[in-house]
>>> print(open('structure.cif').read())   # mmCIF, C-alpha atoms and all ligand atoms
data_entry
loop_
_atom_site.label_atom_id
_atom_site.label_comp_id
_atom_site.auth_asym_id
_atom_site.auth_seq_id
_atom_site.Cartn_x
_atom_site.Cartn_y
_atom_site.Cartn_z
CA MET A 1 -49.69 -20.87 -37.88
CA PRO A 2 -49.81 -18.05 -35.28
CA THR A 3 -47.50 -15.05 -35.61
CA LEU A 4 -44.20 -16.44 -34.47
CA PRO A 5 -42.23 -14.91 -31.60
CA PRO A 6 -39.13 -12.85 -32.57
CA ARG A 7 -36.03 -14.78 -33.57
CA ILE A 8 -32.37 -13.92 -34.16
CA PRO A 9 -31.03 -15.69 -37.27
CA LEU A 10 -27.97 -17.66 -36.14
CA ALA A 11 -28.13 -20.88 -38.19
CA GLN A 12 -26.96 -21.30 -41.79
CA LEU A 13 -30.28 -22.13 -43.46
CA PRO A 14 -31.65 -23.96 -45.29
CA THR A 15 -29.52 -26.98 -44.46
CA PRO A 16 -29.17 -29.33 -47.46
CA LEU A 17 -31.32 -32.39 -48.13
CA GLU A 18 -29.01 -34.97 -49.73
CA ARG A 19 -29.38 -38.46 -51.16
CA LEU A 20 -27.33 -41.28 -49.62
CA ASP A 21 -27.00 -43.37 -52.77
CA ARG A 22 -24.14 -45.62 -51.69
CA LEU A 23 -25.73 -46.44 -48.33
CA THR A 24 -29.05 -47.14 -50.07
CA VAL A 25 -27.29 -49.73 -52.23
CA ASP A 26 -25.22 -51.14 -49.34
CA TRP A 27 -28.31 -51.63 -47.18
CA GLY A 28 -30.59 -52.77 -50.03
CA GLY A 29 -33.12 -49.90 -49.99
CA PRO A 30 -35.32 -47.94 -49.12
CA ASN A 31 -34.02 -44.74 -50.73
CA LEU A 32 -32.06 -43.03 -47.98
CA TRP A 33 -31.74 -39.27 -47.60
CA VAL A 34 -30.16 -37.03 -44.99
CA LYS A 35 -31.27 -33.61 -43.75
CA ARG A 36 -27.95 -31.98 -42.88
CA ASP A 37 -28.59 -30.13 -39.62
CA ASP A 38 -25.00 -31.02 -38.77
CA LEU A 39 -24.34 -28.08 -41.13
CA THR A 40 -26.24 -25.34 -39.28
CA GLY A 41 -22.82 -23.73 -38.78
CA PHE A 42 -19.40 -24.92 -37.64
CA GLU A 43 -19.45 -23.92 -33.99
CA LEU A 44 -23.26 -23.81 -33.73
CA SER A 45 -23.70 -27.12 -35.58
CA GLY A 46 -26.72 -29.29 -34.86
CA ASN A 47 -30.38 -28.96 -34.04
CA LYS A 48 -30.08 -26.79 -30.94
CA VAL A 49 -29.26 -23.55 -32.71
CA ARG A 50 -32.69 -23.53 -34.36
CA LYS A 51 -34.30 -23.40 -30.91
CA LEU A 52 -31.78 -20.91 -29.56
CA GLU A 53 -32.71 -18.40 -32.27
CA PHE A 54 -35.99 -17.93 -30.38
CA HIS A 55 -34.58 -18.14 -26.85
CA LEU A 56 -31.81 -15.62 -27.38
CA ALA A 57 -34.22 -13.17 -29.02
CA ALA A 58 -36.49 -13.53 -25.96
CA ALA A 59 -33.54 -13.08 -23.58
CA ILE A 60 -32.50 -9.85 -25.27
CA ALA A 61 -36.11 -8.58 -25.40
CA ASP A 62 -36.33 -9.29 -21.66
CA GLY A 63 -33.28 -7.11 -21.00
CA ALA A 64 -31.11 -10.05 -19.90
CA ASP A 65 -27.32 -9.85 -20.04
CA THR A 66 -26.83 -13.54 -19.13
CA VAL A 67 -28.31 -16.89 -20.14
CA ILE A 68 -28.34 -19.97 -17.95
CA THR A 69 -28.90 -23.50 -19.18
CA CYS A 70 -28.02 -27.09 -18.27
CA GLY A 71 -26.92 -30.45 -19.65
CA ALA A 72 -24.29 -33.17 -19.54
CA ALA A 73 -20.57 -32.40 -19.90
CA GLN A 74 -20.78 -33.37 -23.59
CA SER A 75 -24.03 -31.47 -24.13
CA ASN A 76 -24.38 -30.10 -27.64
CA HIS A 77 -27.09 -27.80 -26.37
CA CYS A 78 -24.77 -26.27 -23.74
CA ARG A 79 -22.01 -25.81 -26.32
CA ALA A 80 -24.35 -24.17 -28.82
CA THR A 81 -25.82 -21.93 -26.08
CA ALA A 82 -22.41 -20.77 -24.82
CA LEU A 83 -21.14 -19.98 -28.31
CA ALA A 84 -24.38 -18.40 -29.56
CA ALA A 85 -24.54 -16.24 -26.41
CA ALA A 86 -20.97 -15.09 -27.07
CA ARG A 87 -21.96 -14.22 -30.63
CA VAL A 88 -24.85 -11.97 -29.57
CA GLY A 89 -22.98 -10.43 -26.62
CA LEU A 90 -24.58 -12.26 -23.68
CA ARG A 91 -22.79 -13.92 -20.76
CA SER A 92 -23.55 -17.60 -20.11
CA VAL A 93 -23.64 -19.90 -17.10
CA LEU A 94 -23.88 -23.66 -17.65
CA VAL A 95 -25.14 -26.08 -15.00
CA ILE A 96 -23.28 -29.25 -15.93
CA ARG A 97 -24.09 -32.75 -14.67
CA THR A 98 -21.03 -34.92 -13.95
CA ALA A 99 -20.80 -38.41 -12.41
CA ASP A 100 -19.71 -37.11 -8.98
CA GLY A 101 -20.47 -33.39 -9.24
CA ASN A 102 -16.76 -32.59 -9.74
CA ALA A 103 -15.07 -30.97 -12.73
CA VAL A 104 -14.33 -33.25 -15.70
CA PRO A 105 -11.51 -33.18 -18.30
CA LEU A 106 -11.72 -30.63 -21.10
CA ALA A 107 -12.54 -32.51 -24.29
CA GLY A 108 -15.12 -32.33 -27.07
CA ASN A 109 -18.04 -30.04 -26.29
CA HIS A 110 -16.81 -29.43 -22.74
CA LEU A 111 -13.61 -27.92 -24.06
CA LEU A 112 -15.73 -25.61 -26.22
CA HIS A 113 -17.79 -24.60 -23.16
CA HIS A 114 -14.56 -23.28 -21.66
CA LEU A 115 -13.29 -21.69 -24.85
CA ALA A 116 -16.58 -19.74 -25.05
CA GLY A 117 -15.74 -18.19 -21.67
CA THR A 118 -18.83 -19.56 -19.98
CA GLU A 119 -19.14 -19.92 -16.21
CA ILE A 120 -19.54 -23.59 -15.22
CA VAL A 121 -21.42 -24.95 -12.21
CA THR A 122 -21.01 -28.74 -11.86
CA ILE A 123 -23.62 -30.80 -10.01
CA THR A 124 -24.31 -34.49 -9.31
CA PRO A 125 -26.88 -36.56 -11.24
CA ASP A 126 -29.11 -36.47 -8.10
CA ALA A 127 -29.02 -32.68 -7.94
CA TYR A 128 -29.64 -32.60 -11.71
CA ARG A 129 -33.09 -34.12 -11.18
CA GLU A 130 -33.99 -30.69 -9.73
CA ARG A 131 -32.23 -28.85 -12.55
CA ASP A 132 -34.92 -26.21 -13.03
CA ALA A 133 -34.74 -25.24 -9.35
CA VAL A 134 -30.93 -25.26 -9.50
CA MET A 135 -31.01 -22.90 -12.51
CA GLN A 136 -33.46 -20.58 -10.72
CA ALA A 137 -31.07 -20.48 -7.73
CA VAL A 138 -28.19 -19.65 -10.08
CA ALA A 139 -30.32 -16.85 -11.56
CA VAL A 140 -30.85 -15.43 -8.05
CA ASP A 141 -27.07 -15.55 -7.45
CA GLN A 142 -26.54 -13.77 -10.76
CA ALA A 143 -29.06 -11.07 -9.76
CA ARG A 144 -27.10 -10.50 -6.53
CA LEU A 145 -24.05 -9.86 -8.72
CA GLY A 146 -26.04 -7.30 -10.72
CA HIS A 147 -26.92 -9.50 -13.73
CA ARG A 148 -30.29 -10.24 -15.25
CA ALA A 149 -30.49 -13.85 -16.36
CA TRP A 150 -32.72 -15.68 -18.86
CA VAL A 151 -33.12 -19.37 -18.04
CA ILE A 152 -33.27 -21.79 -20.98
CA PRO A 153 -34.61 -25.25 -20.06
CA GLU A 154 -32.68 -28.43 -20.89
CA GLY A 155 -32.31 -28.76 -24.66
CA ALA A 156 -34.22 -25.45 -25.12
CA SER A 157 -37.16 -27.83 -25.34
CA ASP A 158 -40.20 -25.77 -24.48
CA ALA A 159 -42.98 -23.97 -26.33
CA LEU A 160 -40.60 -21.21 -27.41
CA GLY A 161 -37.73 -23.43 -28.61
CA MET A 162 -40.20 -25.70 -30.39
CA TRP A 163 -40.78 -23.02 -33.05
CA GLY A 164 -37.27 -23.65 -34.32
CA PHE A 165 -38.34 -27.11 -35.44
CA VAL A 166 -41.70 -25.97 -36.72
CA LEU A 167 -39.77 -23.73 -39.12
CA ALA A 168 -37.28 -26.51 -39.81
CA MET A 169 -40.09 -28.82 -40.89
CA ARG A 170 -41.50 -26.13 -43.15
CA GLU A 171 -38.02 -25.78 -44.67
CA LEU A 172 -37.87 -29.53 -45.32
CA ALA A 173 -41.40 -29.57 -46.77
CA GLU A 174 -40.24 -27.01 -49.37
CA GLN A 175 -37.29 -29.28 -50.19
CA PHE A 176 -39.68 -32.24 -50.55
CA ASP A 177 -41.73 -30.20 -53.03
CA ALA A 178 -38.60 -29.29 -54.99
CA ALA A 179 -37.49 -32.94 -55.05
CA GLY A 180 -40.92 -33.92 -56.42
CA PHE A 181 -41.94 -36.61 -53.90
CA THR A 182 -45.41 -37.95 -54.58
CA THR A 183 -45.61 -39.68 -51.19
CA PRO A 184 -44.11 -37.89 -48.18
CA PRO A 185 -40.93 -39.66 -47.01
CA THR A 186 -40.64 -40.94 -43.44
CA ILE A 187 -38.42 -38.89 -41.13
CA TRP A 188 -36.20 -40.66 -38.60
CA HIS A 189 -34.43 -38.68 -35.86
CA ALA A 190 -32.67 -38.93 -32.49
CA ALA A 191 -34.84 -37.68 -29.62
CA SER A 192 -34.07 -36.75 -26.04
CA SER A 193 -35.58 -33.64 -24.43
CA GLY A 194 -38.48 -33.66 -26.93
CA GLY A 195 -38.35 -30.19 -28.48
CA THR A 196 -37.20 -31.40 -31.88
CA THR A 197 -39.97 -34.00 -32.04
CA ALA A 198 -42.62 -31.60 -30.71
CA GLY A 199 -41.80 -28.98 -33.36
CA MET A 200 -41.64 -31.42 -36.28
CA ALA A 201 -44.94 -33.10 -35.42
CA TRP A 202 -46.65 -29.75 -34.76
CA ALA A 203 -45.66 -28.58 -38.24
CA VAL A 204 -46.73 -31.86 -39.88
CA ASP A 205 -50.19 -31.35 -38.41
CA ARG A 206 -50.58 -27.61 -38.98
CA LEU A 207 -49.14 -27.69 -42.53
CA LYS A 208 -51.04 -30.92 -43.35
CA LEU A 209 -47.86 -32.60 -44.58
CA GLY A 210 -48.77 -36.21 -43.77
CA THR A 211 -45.08 -36.95 -43.16
CA PRO A 212 -44.56 -39.93 -40.81
CA ILE A 213 -42.17 -38.96 -37.99
CA ILE A 214 -40.22 -41.55 -36.03
CA ALA A 215 -38.51 -40.29 -32.86
CA SER A 216 -35.86 -42.77 -31.74
CA SER A 217 -35.10 -42.18 -28.05
CA VAL A 218 -31.41 -42.13 -27.13
CA GLY A 219 -31.97 -42.74 -23.43
CA ASP A 220 -35.43 -42.43 -21.95
CA ALA A 221 -38.47 -44.67 -22.06
CA ALA A 222 -40.80 -43.86 -24.94
CA GLY A 223 -43.59 -42.97 -22.48
CA ASP A 224 -41.40 -40.32 -20.82
CA LEU A 225 -40.56 -38.81 -24.20
CA VAL A 226 -44.22 -38.75 -25.21
CA ASN A 227 -44.99 -36.95 -21.92
CA ARG A 228 -42.30 -34.38 -22.66
CA VAL A 229 -43.75 -33.68 -26.09
CA ASP A 230 -47.22 -33.37 -24.51
CA VAL A 231 -45.97 -30.87 -21.91
CA ILE A 232 -44.38 -28.74 -24.66
CA TRP A 233 -47.62 -28.85 -26.67
CA ASP A 234 -49.67 -27.93 -23.57
CA GLU A 235 -47.44 -24.89 -23.03
CA ALA A 236 -47.72 -23.94 -26.72
CA LEU A 237 -51.52 -24.33 -26.76
CA GLU A 238 -51.79 -22.16 -23.66
CA ALA A 239 -49.53 -19.49 -25.11
CA TYR A 240 -50.66 -19.50 -28.73
CA GLY A 241 -54.07 -21.22 -28.76
CA GLY A 242 -55.35 -23.73 -31.32
CA ARG A 243 -56.03 -27.45 -31.03
CA ARG A 244 -53.79 -30.35 -30.07
CA PRO A 245 -51.73 -31.60 -33.05
CA GLN A 246 -52.57 -34.97 -34.55
CA ALA A 247 -49.62 -36.20 -36.53
CA PRO A 248 -48.36 -39.62 -37.66
CA LEU A 249 -45.78 -39.63 -34.85
CA GLU A 250 -44.18 -42.81 -33.51
CA VAL A 251 -41.93 -42.56 -30.46
CA ILE A 252 -39.74 -45.63 -29.94
CA ASP A 253 -37.19 -46.69 -27.33
CA ARG A 254 -36.13 -50.06 -28.71
CA TYR A 255 -32.70 -48.77 -29.74
CA VAL A 256 -31.70 -47.15 -26.45
CA GLY A 257 -29.42 -50.17 -25.85
CA SER A 258 -27.55 -49.95 -22.54
CA GLY A 259 -28.61 -46.36 -21.93
CA TYR A 260 -27.87 -42.69 -22.61
CA GLY A 261 -24.30 -42.18 -23.72
CA ILE A 262 -23.45 -45.90 -23.57
CA THR A 263 -22.45 -47.38 -26.92
CA SER A 264 -22.23 -51.08 -27.78
CA GLN A 265 -19.70 -52.52 -30.25
CA ASP A 266 -22.60 -53.34 -32.57
CA GLU A 267 -23.81 -49.72 -32.54
CA LEU A 268 -20.29 -48.50 -33.15
CA ARG A 269 -19.83 -50.92 -36.05
CA VAL A 270 -22.93 -49.53 -37.80
CA GLN A 271 -21.82 -45.93 -37.14
CA LEU A 272 -18.45 -46.61 -38.75
CA GLU A 273 -20.18 -48.32 -41.68
CA VAL A 274 -22.32 -45.20 -42.20
CA THR A 275 -19.34 -42.85 -42.00
CA GLN A 276 -17.35 -45.01 -44.41
CA SER A 277 -20.20 -45.20 -46.90
CA THR A 278 -21.33 -41.56 -46.73
CA GLY A 279 -18.56 -39.38 -45.25
CA LEU A 280 -21.04 -38.27 -42.55
CA LEU A 281 -19.68 -37.83 -39.04
CA LEU A 282 -21.97 -39.30 -36.36
CA ASP A 283 -21.67 -38.95 -32.61
CA PRO A 284 -22.17 -42.14 -30.58
CA THR A 285 -24.75 -40.61 -28.18
CA TYR A 286 -27.31 -39.13 -30.60
CA SER A 287 -26.99 -39.43 -34.36
CA GLY A 288 -24.97 -42.65 -34.15
CA LYS A 289 -27.45 -44.41 -31.88
CA ALA A 290 -30.36 -43.20 -34.01
CA PHE A 291 -28.69 -44.36 -37.23
CA TYR A 292 -28.13 -47.76 -35.64
CA GLY A 293 -31.88 -47.95 -34.95
CA LEU A 294 -32.66 -47.00 -38.54
CA HIS A 295 -30.31 -49.73 -39.77
CA ARG A 296 -32.03 -52.34 -37.61
CA GLU A 297 -35.45 -51.25 -38.81
CA ILE A 298 -34.37 -51.47 -42.47
CA ALA A 299 -32.92 -54.93 -41.81
CA SER A 300 -36.26 -56.01 -40.33
CA GLY A 301 -37.91 -55.22 -43.69
CA ARG A 302 -40.01 -52.28 -42.53
CA TRP A 303 -39.73 -50.46 -45.86
CA SER A 304 -39.72 -51.50 -49.51
CA SER A 305 -37.02 -50.40 -51.94
CA SER A 306 -39.34 -47.78 -53.46
CA ASP A 307 -39.94 -46.01 -50.10
CA ASP A 308 -38.04 -42.87 -49.13
CA VAL A 309 -36.64 -42.35 -45.64
CA VAL A 310 -34.91 -39.18 -44.43
CA PHE A 311 -32.45 -39.41 -41.55
CA TRP A 312 -32.54 -36.00 -39.87
CA HIS A 313 -28.92 -35.49 -38.84
CA THR A 314 -29.23 -33.44 -35.67
CA GLY A 315 -25.49 -32.87 -35.27
CA GLY A 316 -23.22 -33.62 -32.33
CA GLY A 317 -19.89 -34.00 -34.14
CA PHE A 318 -17.71 -32.45 -31.42
CA ALA A 319 -18.61 -35.22 -28.95
CA VAL A 320 -16.65 -37.60 -31.20
CA PHE A 321 -13.49 -36.00 -29.84
CA ALA A 322 -14.40 -36.99 -26.28
CA HIS A 323 -15.26 -40.62 -27.04
CA ASP A 324 -12.89 -43.55 -26.56
CA PHE A 325 -13.07 -45.38 -29.90
CA GLY A 326 -10.10 -47.62 -29.11
CA GLY A 327 -12.06 -50.89 -29.01
CA ALA A 328 -13.70 -50.16 -32.34
CA PHE A 329 -10.36 -50.50 -34.11
CA GLY A 330 -9.20 -53.57 -32.22
CA ARG A 331 -6.62 -51.77 -30.09
CA SER A 332 -6.44 -49.41 -27.15
CA VAL A 333 -6.36 -45.66 -27.48
CA GLY A 334 -2.80 -44.51 -27.02
CA ASP A 335 -1.13 -47.41 -28.91
CA ASP A 336 0.12 -44.91 -31.48
CA ALA A 337 1.90 -42.83 -28.84
C1 LIG B 401 -26.99 -34.10 -31.57
C2 LIG B 401 -28.33 -34.16 -30.94
N1 LIG B 401 -29.32 -34.80 -31.60
C3 LIG B 401 -30.56 -34.91 -31.09
C4 LIG B 401 -30.86 -34.36 -29.85
C5 LIG B 401 -32.24 -34.53 -29.34
O1 LIG B 401 -33.01 -33.36 -29.50
P1 LIG B 401 -34.14 -33.02 -28.44
O2 LIG B 401 -33.45 -32.79 -27.12
O3 LIG B 401 -34.82 -31.83 -28.97
O4 LIG B 401 -35.04 -34.22 -28.34
C6 LIG B 401 -29.87 -33.67 -29.14
C7 LIG B 401 -30.16 -33.12 -27.81
O5 LIG B 401 -29.32 -32.91 -26.99
C8 LIG B 401 -28.57 -33.57 -29.70
O6 LIG B 401 -27.59 -32.92 -29.06
#
>>> encode(input="structure.cif", output="C-alpha cells", more="lines below")
Ligand SMILES: Cc1ncc(COP(=O)(O)O)c(C=O)c1O
Amino acid sequence: MPTLPPRIPLAQLPTPLERLDRLTVDWGGPNLWVKRDDLTGFELSGNKVRKLEFHLAAAIADGADTVITCGAAQSNHCRATALAAARVGLRSVLVIRTADGNAVPLAGNHLLHHLAGTEIVTITPDAYRERDAVMQAVAVDQARLGHRAWVIPEGASDALGMWGFVLAMRELAEQFDAAGFTTPPTIWHAASSGGTTAGMAWAVDRLKLGTPIIASSVGDAAGDLVNRVDVIWDEALEAYGGRRPQAPLEVIDRYVGSGYGITSQDELRVQLEVTQSTGLLLDPTYSGKAFYGLHREIASGRWSSSDDVVFWHTGGGFAVFAHDFGGAFGRSVGDDA
C-alpha cells in the first residue's frame, strides 16, 4: 500500500467482530457474524467516521476553518461530519436535500445536525443533482464571509475517504486471522455513494485477502454504483499510482425494493426479527434494507451451513428515531398518547 495521507483518529477502533449464534440457528445457517461499525462511537457511530478521519485531517492541513458537505435530511454522513467537525474545532455547513427544498422537522439525524450547531442550506431534489456545484457556490459565499472551506463530497466517497475503508478491511482481516478462518468469509454490506465498497475491495486486492464482497445497493441501480466505485478508483490511481484492483466484488440492486428510504412491511418484518434475535439496532434505509437482502439470499440457499458470512453493520441507528414504525406493530403512531 502507498504511504497513506494523514488522518485524525476519531473512531473507536477496532470495532468488534461478533458471532450471531441465535440468528444463525433461526435462519438455518450459514454461520452469521457482524462487524460492529455501529460502535465506532456514540455520536460518530457508523461507517462515515472512518472516511472523515482523512477528510478532516486534509481540511486542517489546508488551513480550512469550515467544512461543507451534503446529503438527505436523515443523512448519517452529514450528522457524523457536523459532530466530528465540532470535535476538532471546525465550523460546518450542510447542504440538505428535502422534498420541496424547505426546512423539515427536527428528528433523528436532522435534530443532531442542529444540536451540532451546523449551518443548514436546504435545496430541492432537482438542485441536489448539481450538489457539487451547489457546495462550491456555498464555499464562495463562505469565503466572502472570511472563512476558508473544505468541501467533502457526498458520503465522503472519494479517493481520500476511501482509505478509511482500506484500513477497516485490514482491521477485519486481522480479526479473521485471530478467529482462525481457513476460508475467508463473505462480507455483505449496504452500499450507496460507493466509498465503503471501493475501500473494502481495494484492500481485498492489495492485501490478497480473497474475501468475497457483496455490496447491496439501498437505492441506485447496480451499474450506477459500479460506476461510482470506478470513479473513486480512477481518482485513487491518479493520485497514488498502481494498477486497477481486481477483487471478488459483486454489486447487486435486487433488494432496493421501492427505492431509497422506502421500506416495505416485509423488509420491516425481517429487521424486527433481526433486532429481536440479536439485540442489534438497524435503520430501515441502510442496514435494515441490507439485512433484508441477506435474509433473502440465505433463504434462496446461496450458502451452506458450514459457510461464514459477515454482515458489516455500517450504522445509522439515529434514523430509527425519525421513522414511522406504527404499521409494523399493527397500530398507528400516537395511539399511546
Ligand atoms: C448507515 C449507512 N450504511 C451504509 C452507507 C453506504 O455507504 P457508502 O455511501 O460509502 O456506499 C451509508 C451512507 O450514507 C450509511 O449512512
>>> closest_residue(input="structure.cif", among="A:Asp158, A:Glu53, A:Asp224, A:Asp253", to="Ala239 (chain A)", atoms="all atoms listed in the file")
A:Asp158
>>> residues_near_ligand(input="structure.cif", ligand="ligand LIG 401 (chain B)", cutoff="7 Å", atoms="all atoms listed in the file", output="VMD selection string")
chain A and resid 46 to 48 75 to 77 155 157 190 to 197 286 to 287 314 to 316
>>> write_last_selection(input="structure.cif", atoms="C-alpha atoms", output="PDB file, in the frame of the given file")
ATOM      1  CA  GLY A  46     -26.720 -29.290 -34.860  1.00  0.00           C
ATOM      2  CA  ASN A  47     -30.380 -28.960 -34.040  1.00  0.00           C
ATOM      3  CA  LYS A  48     -30.080 -26.790 -30.940  1.00  0.00           C
ATOM      4  CA  SER A  75     -24.030 -31.470 -24.130  1.00  0.00           C
ATOM      5  CA  ASN A  76     -24.380 -30.100 -27.640  1.00  0.00           C
ATOM      6  CA  HIS A  77     -27.090 -27.800 -26.370  1.00  0.00           C
ATOM      7  CA  GLY A 155     -32.310 -28.760 -24.660  1.00  0.00           C
ATOM      8  CA  SER A 157     -37.160 -27.830 -25.340  1.00  0.00           C
ATOM      9  CA  ALA A 190     -32.670 -38.930 -32.490  1.00  0.00           C
ATOM     10  CA  ALA A 191     -34.840 -37.680 -29.620  1.00  0.00           C
ATOM     11  CA  SER A 192     -34.070 -36.750 -26.040  1.00  0.00           C
ATOM     12  CA  SER A 193     -35.580 -33.640 -24.430  1.00  0.00           C
ATOM     13  CA  GLY A 194     -38.480 -33.660 -26.930  1.00  0.00           C
ATOM     14  CA  GLY A 195     -38.350 -30.190 -28.480  1.00  0.00           C
ATOM     15  CA  THR A 196     -37.200 -31.400 -31.880  1.00  0.00           C
ATOM     16  CA  THR A 197     -39.970 -34.000 -32.040  1.00  0.00           C
ATOM     17  CA  TYR A 286     -27.310 -39.130 -30.600  1.00  0.00           C
ATOM     18  CA  SER A 287     -26.990 -39.430 -34.360  1.00  0.00           C
ATOM     19  CA  THR A 314     -29.230 -33.440 -35.670  1.00  0.00           C
ATOM     20  CA  GLY A 315     -25.490 -32.870 -35.270  1.00  0.00           C
ATOM     21  CA  GLY A 316     -23.220 -33.620 -32.330  1.00  0.00           C
TER      22      GLY A 316
END
>>> closest_residue(input="structure.cif", among="A:Lys208, A:Arg148, A:His323, A:His189", to="Val34 (chain A)", atoms="all atoms listed in the file")
A:His189
>>> closest_atom_pairs(input="structure.cif", of="region 45-96 of chain A", to="region 106-128 of chain A", cutoff="8 Å", atoms="all atoms listed in the file", output="tab-separated table")
residue	atom	partner	partner_atom	distance
A:Ala73	CA	A:His110	CA	5.6
A:Gln74	CA	A:Asn109	CA	5.1
A:Ser75	CA	A:Asn109	CA	6.5
A:Asn76	CA	A:Asn109	CA	6.5
A:Cys78	CA	A:His113	CA	7.2
A:Arg79	CA	A:His113	CA	5.4
A:Ala82	CA	A:Ala116	CA	5.9
A:Leu83	CA	A:Ala116	CA	5.6
A:Ala86	CA	A:Ala116	CA	6.7
A:Arg91	CA	A:Thr118	CA	6.9
A:Ser92	CA	A:Thr118	CA	5.1
A:Val93	CA	A:Glu119	CA	4.6
A:Leu94	CA	A:Ile120	CA	5.0
A:Val95	CA	A:Val121	CA	4.8
A:Ile96	CA	A:Thr122	CA	4.7
>>> closest_residue(input="structure.cif", among="A:Trp150, A:Phe42, A:Tyr292, A:Trp202", to="Pro248 (chain A)", atoms="all atoms listed in the file")
A:Trp202
>>> residues_around(input="structure.cif", residues="region 294-307 of chain A", least_positions_apart="2", cutoff="7 Å", atoms="all atoms listed in the file", output="MDAnalysis selection string")
chainID A and resid 29:31 290:292 309
>>> closest_residue(input="structure.cif", among="A:Thr278, A:Asp65, A:Met200, A:Pro9", to="Leu145 (chain A)", atoms="all atoms listed in the file")
A:Asp65
>>> atom_distance(input="structure.cif", atom1="CA of Val138 (chain A)", atom2="CA of Thr81 (chain A)")
16.3 Å
>>> residues_around(input="structure.cif", residues="Arg22 (chain A)", least_positions_apart="5", cutoff="10 Å", atoms="all atoms listed in the file", output="ChimeraX atom specification")
/A:27-28,31-32,274,276-278
>>> residues_around(input="structure.cif", residues="Met1 (chain A)", least_positions_apart="6", cutoff="9 Å", atoms="all atoms listed in the file", output="PyMOL selection string")
chain A and resi 203+206-207
>>> closest_residue(input="structure.cif", among="A:Ala57, A:Ala80, A:Val140, A:Leu249", to="Phe318 (chain A)", atoms="all atoms listed in the file")
A:Ala80
>>> atom_distance(input="structure.cif", atom1="CA of Pro153 (chain A)", atom2="CA of Gly71 (chain A)")
9.3 Å
>>> residues_near_point(input="structure.cif", point="(-37.0, -24.6, -26.5)", cutoff="8 Å", atoms="all atoms listed in the file", output="MDAnalysis selection string")
chainID A and resid 51:52 54:55 152:153 155:164 195
>>> closest_residue(input="structure.cif", among="A:Ile214, A:Ala11, A:Ala103, A:Ala236", to="Ile252 (chain A)", atoms="only C-alpha atoms")
A:Ile214
>>> atom_distance(input="structure.cif", atom1="CA of Asp308 (chain A)", atom2="CA of Trp33 (chain A)")
7.4 Å
>>> residues_around(input="structure.cif", residues="Gly261 (chain A)", least_positions_apart="6", cutoff="9 Å", atoms="all atoms listed in the file", output="list in words")
Val218, Gly219, Pro284, Thr285 and Tyr286 of chain A
